[in-house]
Amino acid sequence: MPRLVDHEVRRREITDAVRRVIVGGGLEAVTFQTVASEAGISVRLVQYYFGTKSEFLLATHRSVMADAGARFMQRWTALGADATPREAIRAVLTELLPLDSQRREEAIVLGAFGTAAITGQGITAEETFAAPRALATIVTDQLRRAQVADASAHRIHPDLDADLVLMAIGGLAQGMLQGYGTAKSAVELVDHLLDRVLGTET
C-alpha cells in the first residue's frame, strides 16, 4: 500500500531547504536544483509543489514570518494583560533581533528578501510589507497607551516614533549579522532607545 504524503509537511521541507540555501549562499544561490539537493528530493518534486521560483520564495517568506509570529505571540501571551507599554514594545523589539540561531537564520533570510525586493529579484517590496505594517501598528498602539497613561508623555509621536523605532531595530539586527555588537550590547541599545522615546524608567 503506498505511503500517504502529508503535502503541508512536504511543502515545509522545501521551504526549510530554501532557507538553508539562502543562509549558505544568499538568494542568488536559490534554484530548483539547489533546493532539491538541499531537501534530498527531485527537482521534479519541487516543481510539483511550486511551479515557479517566485512561488517557493514567497512561500518561504511566509513560513519565516509565520514562525516569527508564532514565537512572538507566545512571548506576548506570557507578558499578560498587565504588561506596560514599555514591556510590550521591548518584547516586540527583542524578538526582531538575531539573539539566537533561529532568529539569526530568520534575519539573514528576511534581509535577503529585502535586498531582492530592492533589486527586483523574484519578489516585490509590496509582498514583504504585511509583517512590518502589522508590527508598526502594534508599536503605535502601545505608544498611544503610554501617552494616555502619562500626561507628561506629550513628546511621543506614536506613528512617527513607531516607524523610527522599527527602522532602528532593523538596522541594529543587520549590524549584528555583520558582527557589530553583541547580544548584550544590542539589548542595552534597545533599552536606551526606549528611554529616548518613552523616558527613563524610575
# chains A, B, ... in the order shown; residues from 1 in each chain; ligands from 1
call {"tool": "select_by_dssp", "arguments": {"residues": "range 9-133 of chain A", "states": "helix (DSSP H, G or I)", "output": "number ranges by chain"}}
result
A: 9-25, 27-29, 32-39, 43-49, 53-79, 85-95, 101-119, 125-128, 130-133
call {"tool": "closest_atom_pairs", "arguments": {"of": "range 19-111 of chain A", "to": "range 178-186 of chain A", "cutoff": "12 Å", "atoms": "only C-alpha atoms", "output": "Markdown table"}}
result
| residue | atom | partner | partner_atom | distance |
| --- | --- | --- | --- | --- |
| A:Arg90 | CA | A:Ala186 | CA | 11.9 |
| A:Leu93 | CA | A:Ala186 | CA | 10.4 |
| A:Thr94 | CA | A:Ala186 | CA | 8.7 |
| A:Glu95 | CA | A:Ala186 | CA | 11.7 |
| A:Leu96 | CA | A:Ala186 | CA | 11.1 |
| A:Leu97 | CA | A:Ala186 | CA | 8.0 |
| A:Pro98 | CA | A:Ala183 | CA | 8.0 |
| A:Leu99 | CA | A:Ala183 | CA | 5.7 |
| A:Asp100 | CA | A:Ala183 | CA | 8.7 |
| A:Ser101 | CA | A:Ala183 | CA | 11.8 |
| A:Arg103 | CA | A:Ala183 | CA | 11.8 |
| A:Arg104 | CA | A:Gln178 | CA | 11.0 |
| A:Ala107 | CA | A:Gln178 | CA | 11.3 |
| A:Ile108 | CA | A:Gln178 | CA | 10.2 |
| A:Gly111 | CA | A:Gln178 | CA | 11.8 |
call {"tool": "closest_residue", "arguments": {"among": "A:Asp150, A:Ala173, A:Leu189, A:Glu106", "to": "Ser63 in chain A", "atoms": "only C-alpha atoms"}}
result
A:Glu106
call {"tool": "closest_residue", "arguments": {"among": "A:Ala149, A:Val46, A:Ile41, A:Val92", "to": "Leu166 in chain A", "atoms": "only C-alpha atoms"}}
result
A:Val92
call {"tool": "closest_residue", "arguments": {"among": "A:Thr34, A:Ser54, A:Gln47, A:Gln174", "to": "Ala117 in chain A", "atoms": "only C-alpha atoms"}}
result
A:Ser54
call {"tool": "residues_around", "arguments": {"residues": "Ser42 in chain A", "least_positions_apart": "6", "cutoff": "12 Å", "atoms": "only C-alpha atoms", "output": "VMD selection string"}}
result
chain A and resid 14 32 to 36 48 to 49
call {"tool": "closest_residue", "arguments": {"among": "A:Thr84, A:Ser37, A:Leu164, A:Gly114", "to": "Val148 in chain A", "atoms": "only C-alpha atoms"}}
result
A:Thr84
call {"tool": "atom_distance", "arguments": {"atom1": "CA of Phe129 in chain A", "atom2": "CA of Leu194 in chain A"}}
result
23.9 Å
call {"tool": "closest_atom_pairs", "arguments": {"of": "range 147-199 of chain A", "to": "range 130-139 of chain A", "cutoff": "9 Å", "atoms": "only C-alpha atoms", "output": "tab-separated table"}}
result
residue	atom	partner	partner_atom	distance
A:Pro158	CA	A:Val139	CA	7.9
A:Asp159	CA	A:Ala136	CA	7.9
A:Asp161	CA	A:Val139	CA	8.7
A:Ala162	CA	A:Val139	CA	5.5
A:Asp163	CA	A:Ala136	CA	6.3
A:Val165	CA	A:Val139	CA	8.6
A:Leu166	CA	A:Ala136	CA	7.2
call {"tool": "write_last_selection", "arguments": {"atoms": "N, CA and C atoms", "output": "CSV table (one decimal), in the first residue's frame"}}
result
chain,number,residue,atom,x,y,z
A,158,PRO,N,3.3,58.9,18.3
A,158,PRO,CA,3.1,57.4,18.1
A,158,PRO,C,3.5,56.9,16.7
A,159,ASP,N,2.9,57.5,15.6
A,159,ASP,CA,3.1,57.0,14.3
A,159,ASP,C,4.6,57.1,13.9
A,161,ASP,N,7.2,57.8,15.8
A,161,ASP,CA,8.2,57.1,16.7
A,161,ASP,C,8.1,55.6,16.4
A,162,ALA,N,7.0,55.0,16.1
A,162,ALA,CA,6.9,53.6,15.8
A,162,ALA,C,7.7,53.3,14.6
A,163,ASP,N,7.6,54.0,13.5
A,163,ASP,CA,8.4,53.8,12.3
A,163,ASP,C,9.9,54.0,12.6
A,165,VAL,N,11.5,53.7,15.5
A,165,VAL,CA,12.0,52.6,16.4
A,165,VAL,C,12.2,51.3,15.6
A,166,LEU,N,11.3,51.0,14.7
A,166,LEU,CA,11.4,49.7,13.9
A,166,LEU,C,12.5,49.8,12.9
call {"tool": "closest_residue", "arguments": {"among": "A:Ile89, A:Val190, A:Val64, A:Val109", "to": "Arg20 in chain A", "atoms": "only C-alpha atoms"}}
result
A:Val109
call {"tool": "closest_residue", "arguments": {"among": "A:Asp82, A:Ala91, A:Val21, A:Arg12", "to": "Arg62 in chain A", "atoms": "only C-alpha atoms"}}
result
A:Arg12
call {"tool": "atom_distance", "arguments": {"atom1": "CA of Ala81 in chain A", "atom2": "CA of Asp141 in chain A"}}
result
14.3 Å
call {"tool": "residues_around", "arguments": {"residues": "Leu57 in chain A", "least_positions_apart": "3", "cutoff": "12 Å", "atoms": "only C-alpha atoms", "output": "ChimeraX atom specification"}}
result
/A:11,14-19,21-22,27-28,30-32,35,50-54,60-64,109-110,112-113,116-117,121-124,127-128
call {"tool": "write_last_selection", "arguments": {"atoms": "N, CA, C and O atoms", "output": "CSV table (one decimal), in the first residue's frame"}}
result
chain,number,residue,atom,x,y,z
A,11,ARG,N,5.7,20.6,1.7
A,11,ARG,CA,6.0,22.0,1.4
A,11,ARG,C,6.9,22.6,2.4
A,11,ARG,O,7.8,23.4,2.0
A,14,ILE,N,10.5,21.8,1.8
A,14,ILE,CA,11.0,22.5,0.7
A,14,ILE,C,11.4,23.9,1.1
A,14,ILE,O,12.5,24.5,0.8
A,15,THR,N,10.4,24.6,1.8
A,15,THR,CA,10.7,26.0,2.2
A,15,THR,C,11.9,26.0,3.3
A,15,THR,O,12.7,27.0,3.3
A,16,ASP,N,12.0,25.0,4.1
A,16,ASP,CA,13.1,24.9,5.0
A,16,ASP,C,14.4,24.8,4.3
A,16,ASP,O,15.4,25.4,4.7
A,17,ALA,N,14.4,24.0,3.2
A,17,ALA,CA,15.6,23.9,2.4
A,17,ALA,C,15.9,25.2,1.7
A,17,ALA,O,17.1,25.6,1.6
A,18,VAL,N,14.9,26.0,1.3
A,18,VAL,CA,15.2,27.3,0.7
A,18,VAL,C,15.9,28.2,1.7
A,18,VAL,O,16.9,28.8,1.4
A,19,ARG,N,15.4,28.1,2.9
A,19,ARG,CA,16.0,28.9,4.0
A,19,ARG,C,17.5,28.6,4.1
A,19,ARG,O,18.4,29.5,4.2
A,21,VAL,N,19.5,27.2,2.0
A,21,VAL,CA,20.3,27.6,0.8
A,21,VAL,C,20.6,29.1,0.9
A,21,VAL,O,21.7,29.6,0.6
A,22,ILE,N,19.6,29.9,1.3
A,22,ILE,CA,19.8,31.4,1.4
A,22,ILE,C,20.8,31.7,2.5
A,22,ILE,O,21.7,32.5,2.2
A,27,LEU,N,20.4,34.7,-1.7
A,27,LEU,CA,19.2,34.4,-2.6
A,27,LEU,C,19.7,34.0,-4.0
A,27,LEU,O,19.0,33.2,-4.7
A,28,GLU,N,20.8,34.5,-4.5
A,28,GLU,CA,21.2,34.2,-5.8
A,28,GLU,C,21.6,32.7,-5.9
A,28,GLU,O,21.7,32.1,-7.0
A,30,VAL,N,19.7,30.3,-4.8
A,30,VAL,CA,18.4,29.6,-4.8
A,30,VAL,C,18.0,29.2,-6.3
A,30,VAL,O,17.7,30.1,-7.0
A,31,THR,N,18.0,28.0,-6.6
A,31,THR,CA,17.5,27.5,-7.8
A,31,THR,C,16.6,26.2,-7.5
A,31,THR,O,16.7,25.6,-6.4
A,32,PHE,N,15.9,25.7,-8.5
A,32,PHE,CA,15.2,24.4,-8.3
A,32,PHE,C,16.2,23.3,-8.0
A,32,PHE,O,15.9,22.5,-7.1
A,35,VAL,N,17.7,23.8,-4.3
A,35,VAL,CA,16.7,23.5,-3.3
A,35,VAL,C,16.4,22.0,-3.2
A,35,VAL,O,16.3,21.4,-2.1
A,50,PHE,N,5.8,23.7,-6.2
A,50,PHE,CA,6.0,25.1,-6.5
A,50,PHE,C,6.3,25.2,-8.0
A,50,PHE,O,7.5,24.9,-8.4
A,51,GLY,N,5.4,25.7,-8.8
A,51,GLY,CA,5.6,25.8,-10.2
A,51,GLY,C,6.7,26.8,-10.7
A,51,GLY,O,7.3,26.6,-11.7
A,52,THR,N,6.9,27.8,-9.9
A,52,THR,CA,7.9,28.8,-10.2
A,52,THR,C,8.7,29.1,-9.0
A,52,THR,O,8.4,28.9,-7.9
A,53,LYS,N,9.9,29.7,-9.3
A,53,LYS,CA,10.8,30.1,-8.3
A,53,LYS,C,10.1,31.2,-7.4
A,53,LYS,O,10.3,31.1,-6.2
A,54,SER,N,9.4,32.1,-8.0
A,54,SER,CA,8.7,33.1,-7.2
A,54,SER,C,7.8,32.5,-6.2
A,54,SER,O,7.6,32.9,-5.1
A,60,THR,N,8.4,30.6,1.2
A,60,THR,CA,9.5,30.7,2.2
A,60,THR,C,9.4,31.9,3.1
A,60,THR,O,9.5,31.9,4.3
A,61,HIS,N,9.1,33.1,2.5
A,61,HIS,CA,9.0,34.3,3.2
A,61,HIS,C,7.8,34.2,4.2
A,61,HIS,O,7.9,34.5,5.4
A,62,ARG,N,6.7,33.6,3.7
A,62,ARG,CA,5.5,33.4,4.6
A,62,ARG,C,5.8,32.5,5.8
A,62,ARG,O,5.4,32.7,6.9
A,63,SER,N,6.6,31.4,5.5
A,63,SER,CA,6.9,30.5,6.6
A,63,SER,C,7.8,31.1,7.6
A,63,SER,O,7.6,30.9,8.8
A,64,VAL,N,8.7,32.0,7.2
A,64,VAL,CA,9.6,32.7,8.2
A,64,VAL,C,8.7,33.6,9.0
A,64,VAL,O,8.9,33.6,10.3
A,109,VAL,N,17.6,35.5,6.2
A,109,VAL,CA,16.6,35.2,5.2
A,109,VAL,C,15.8,36.4,4.8
A,109,VAL,O,15.6,36.8,3.7
A,110,LEU,N,15.3,37.1,5.8
A,110,LEU,CA,14.5,38.3,5.6
A,110,LEU,C,15.3,39.4,5.0
A,110,LEU,O,14.8,40.2,4.2
A,112,ALA,N,17.8,39.0,3.0
A,112,ALA,CA,18.0,38.6,1.6
A,112,ALA,C,16.7,39.0,0.8
A,112,ALA,O,16.8,39.4,-0.3
A,113,PHE,N,15.6,38.7,1.4
A,113,PHE,CA,14.3,39.1,0.7
A,113,PHE,C,14.2,40.6,0.5
A,113,PHE,O,13.7,41.1,-0.5
A,116,ALA,N,16.3,41.5,-2.3
A,116,ALA,CA,15.7,41.1,-3.6
A,116,ALA,C,14.6,42.0,-4.0
A,116,ALA,O,14.3,42.3,-5.2
A,117,ALA,N,13.8,42.5,-3.0
A,117,ALA,CA,12.7,43.4,-3.3
A,117,ALA,C,13.3,44.7,-3.9
A,117,ALA,O,12.6,45.3,-4.8
A,121,GLN,N,14.5,40.9,-7.7
A,121,GLN,CA,14.9,39.5,-8.0
A,121,GLN,C,13.9,38.5,-7.4
A,121,GLN,O,14.1,37.9,-6.4
A,122,GLY,N,12.7,38.5,-8.1
A,122,GLY,CA,11.8,37.4,-7.8
A,122,GLY,C,10.7,37.7,-6.7
A,122,GLY,O,9.8,36.9,-6.5
A,123,ILE,N,10.8,38.8,-6.0
A,123,ILE,CA,9.9,39.2,-5.0
A,123,ILE,C,9.8,40.7,-4.9
A,123,ILE,O,10.8,41.4,-5.1
A,124,THR,N,8.6,41.2,-4.8
A,124,THR,CA,8.4,42.7,-4.7
A,124,THR,C,8.4,43.2,-3.3
A,124,THR,O,8.0,42.5,-2.4
A,127,GLU,N,5.1,42.7,-1.5
A,127,GLU,CA,4.9,41.3,-1.0
A,127,GLU,C,5.5,41.1,0.4
A,127,GLU,O,5.2,40.1,1.0
A,128,THR,N,6.4,42.0,0.8
A,128,THR,CA,7.1,41.8,2.1
A,128,THR,C,6.6,42.8,3.1
A,128,THR,O,7.1,42.8,4.2
